[in-house]
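Asks: If it helps, the file is called input21.pdb and holds PDB, C-alpha atoms:
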MODEL        1
ATOM      1  CA  MET A   1     -34.657 -65.999-107.222  1.00  0.00           C
ATOM      2  CA  GLU A   2     -36.238 -68.564-104.946  1.00  0.00           C
ATOM      3  CA  GLY A   3     -39.389 -67.654-103.050  1.00  0.00           C
ATOM      4  CA  ASN A   4     -40.050 -64.384-104.861  1.00  0.00           C
ATOM      5  CA  THR A   5     -42.612 -64.470-107.661  1.00  0.00           C
ATOM      6  CA  GLN A   6     -42.515 -60.794-108.656  1.00  0.00           C
ATOM      7  CA  VAL A   7     -40.647 -59.778-111.799  1.00  0.00           C
ATOM      8  CA  ARG A   8     -40.885 -56.260-113.223  1.00  0.00           C
ATOM      9  CA  ILE A   9     -41.546 -56.168-116.976  1.00  0.00           C
ATOM     10  CA  ASP A  10     -41.304 -52.884-118.910  1.00  0.00           C
ATOM     11  CA  ASP A  11     -41.762 -52.267-122.635  1.00  0.00           C
ATOM     12  CA  TYR A  12     -40.079 -49.064-123.835  1.00  0.00           C
ATOM     13  CA  THR A  13     -40.193 -49.714-127.591  1.00  0.00           C
ATOM     14  CA  TYR A  14     -42.888 -47.039-128.063  1.00  0.00           C
ATOM     15  CA  LEU A  15     -40.373 -44.318-127.092  1.00  0.00           C
ATOM     16  CA  CYS A  16     -38.245 -44.805-130.203  1.00  0.00           C
ATOM     17  CA  GLY A  17     -40.875 -43.919-132.800  1.00  0.00           C
ATOM     18  CA  HIS A  18     -40.050 -47.006-134.844  1.00  0.00           C
ATOM     19  CA  THR A  19     -40.358 -50.758-134.476  1.00  0.00           C
ATOM     20  CA  PRO A  20     -37.113 -52.509-133.508  1.00  0.00           C
ATOM     21  CA  THR A  21     -35.829 -55.201-135.820  1.00  0.00           C
ATOM     22  CA  ARG A  22     -36.379 -57.720-133.058  1.00  0.00           C
ATOM     23  CA  PRO A  23     -39.079 -57.268-130.387  1.00  0.00           C
ATOM     24  CA  ILE A  24     -37.410 -57.116-126.975  1.00  0.00           C
ATOM     25  CA  LYS A  25     -38.388 -56.250-123.423  1.00  0.00           C
ATOM     26  CA  TYR A  26     -36.597 -55.198-120.267  1.00  0.00           C
ATOM     27  CA  LEU A  27     -36.861 -57.408-117.175  1.00  0.00           C
ATOM     28  CA  LYS A  28     -35.567 -56.829-113.664  1.00  0.00           C
ATOM     29  CA  ASP A  29     -34.873 -60.045-111.783  1.00  0.00           C
ATOM     30  CA  THR A  30     -35.439 -60.621-108.092  1.00  0.00           C
ATOM     31  CA  ASP A  31     -31.761 -59.822-107.387  1.00  0.00           C
ATOM     32  CA  GLY A  32     -32.217 -56.360-108.949  1.00  0.00           C
ATOM     33  CA  TYR A  33     -30.328 -56.984-112.199  1.00  0.00           C
ATOM     34  CA  GLY A  34     -31.762 -55.614-115.447  1.00  0.00           C
ATOM     35  CA  TRP A  35     -31.999 -57.879-118.490  1.00  0.00           C
ATOM     36  CA  LEU A  36     -32.739 -57.322-122.195  1.00  0.00           C
ATOM     37  CA  CYS A  37     -34.702 -60.264-123.546  1.00  0.00           C
ATOM     38  CA  ASP A  38     -36.703 -61.375-126.537  1.00  0.00           C
ATOM     39  CA  LYS A  39     -40.347 -60.428-126.116  1.00  0.00           C
ATOM     40  CA  GLU A  40     -41.564 -64.035-125.724  1.00  0.00           C
ATOM     41  CA  VAL A  41     -39.124 -64.973-122.928  1.00  0.00           C
ATOM     42  CA  GLU A  42     -40.402 -66.865-119.883  1.00  0.00           C
ATOM     43  CA  PRO A  43     -39.611 -64.460-116.999  1.00  0.00           C
ATOM     44  CA  PHE A  44     -39.548 -67.128-114.266  1.00  0.00           C
ATOM     45  CA  GLN A  45     -37.044 -69.380-116.047  1.00  0.00           C
ATOM     46  CA  ASP A  46     -33.271 -68.865-116.334  1.00  0.00           C
ATOM     47  CA  LEU A  47     -32.897 -65.669-118.382  1.00  0.00           C
ATOM     48  CA  ARG A  48     -29.305 -66.293-119.490  1.00  0.00           C
ATOM     49  CA  GLU A  49     -30.192 -69.772-120.808  1.00  0.00           C
ATOM     50  CA  GLN A  50     -32.981 -68.157-122.858  1.00  0.00           C
ATOM     51  CA  GLY A  51     -30.500 -65.814-124.562  1.00  0.00           C
ATOM     52  CA  CYS A  52     -31.110 -62.649-122.505  1.00  0.00           C
ATOM     53  CA  TRP A  53     -28.353 -60.103-121.900  1.00  0.00           C
ATOM     54  CA  ARG A  54     -27.682 -58.774-118.405  1.00  0.00           C
ATOM     55  CA  CYS A  55     -27.407 -54.987-118.672  1.00  0.00           C
ATOM     56  CA  ASP A  56     -24.487 -54.537-116.267  1.00  0.00           C
ATOM     57  CA  GLU A  57     -22.413 -56.910-118.427  1.00  0.00           C
ATOM     58  CA  MET A  58     -23.016 -54.943-121.641  1.00  0.00           C
ATOM     59  CA  ALA A  59     -20.933 -52.043-122.891  1.00  0.00           C
ATOM     60  CA  PHE A  60     -23.173 -49.052-123.577  1.00  0.00           C
ATOM     61  CA  PRO A  61     -21.623 -46.202-125.632  1.00  0.00           C
ATOM     62  CA  ALA A  62     -22.996 -43.505-123.274  1.00  0.00           C
ATOM     63  CA  GLY A  63     -21.508 -45.121-120.172  1.00  0.00           C
ATOM     64  CA  GLY A  64     -24.698 -46.960-119.194  1.00  0.00           C
ATOM     65  CA  ARG A  65     -26.562 -43.830-118.098  1.00  0.00           C
TER      66      ARG A  65
ENDMDL
END
Spit out the file's structure as structure tokens when you get a sec.
Replies:
Amino acid sequence: MEGNTQVRIDDYTYLCGHTPTRPIKYLKDTDGYGWLCDKEVEPFQDLREQGCWRCDEMAFPAGGR
């Protein structure tokens, strides 16, 4: 993550039609990994230490599609 200051932040909660129980956002780190994080996370600090979940490490029921 060194040297690169760009982090992509997307908020898809509006697609569900309801408010999630816990506001989250999707981040993509500089290595290309996607993360699910609490909305108030600091994107330039260690995401795992802040309690984020790396998407490729999670089991999605639809096979991660």
Asks: Give me the result of the PyMOL selection byres ((chain A and resi 29) around 12) on this file, residue by residue, as an MDAnalysis selection string.
Replies: chainID A and resid 1:2 4:10 26:28 30:37 42:48 52 54:55
Asks: With all atoms of range 6-13 of chain A from the file as input, state the centre and edge lengths in Å to one decimal of the axis-aligned box that has 3 Å extra on each side, as JSON.
Replies:
{"center_x": -41.3, "center_y": -54.9, "center_z": -118.1, "size_x": 8.4, "size_y": 17.7, "size_z": 24.9}
Asks: Expressed in Å to a single decimal, how great is the separation between CA of Asp11 in chain A and CA of Glu57 in chain A?
Replies: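 Going from CA of Asp11 in chain A over to CA of Glu57 in chain A, I get 20.3 Å.
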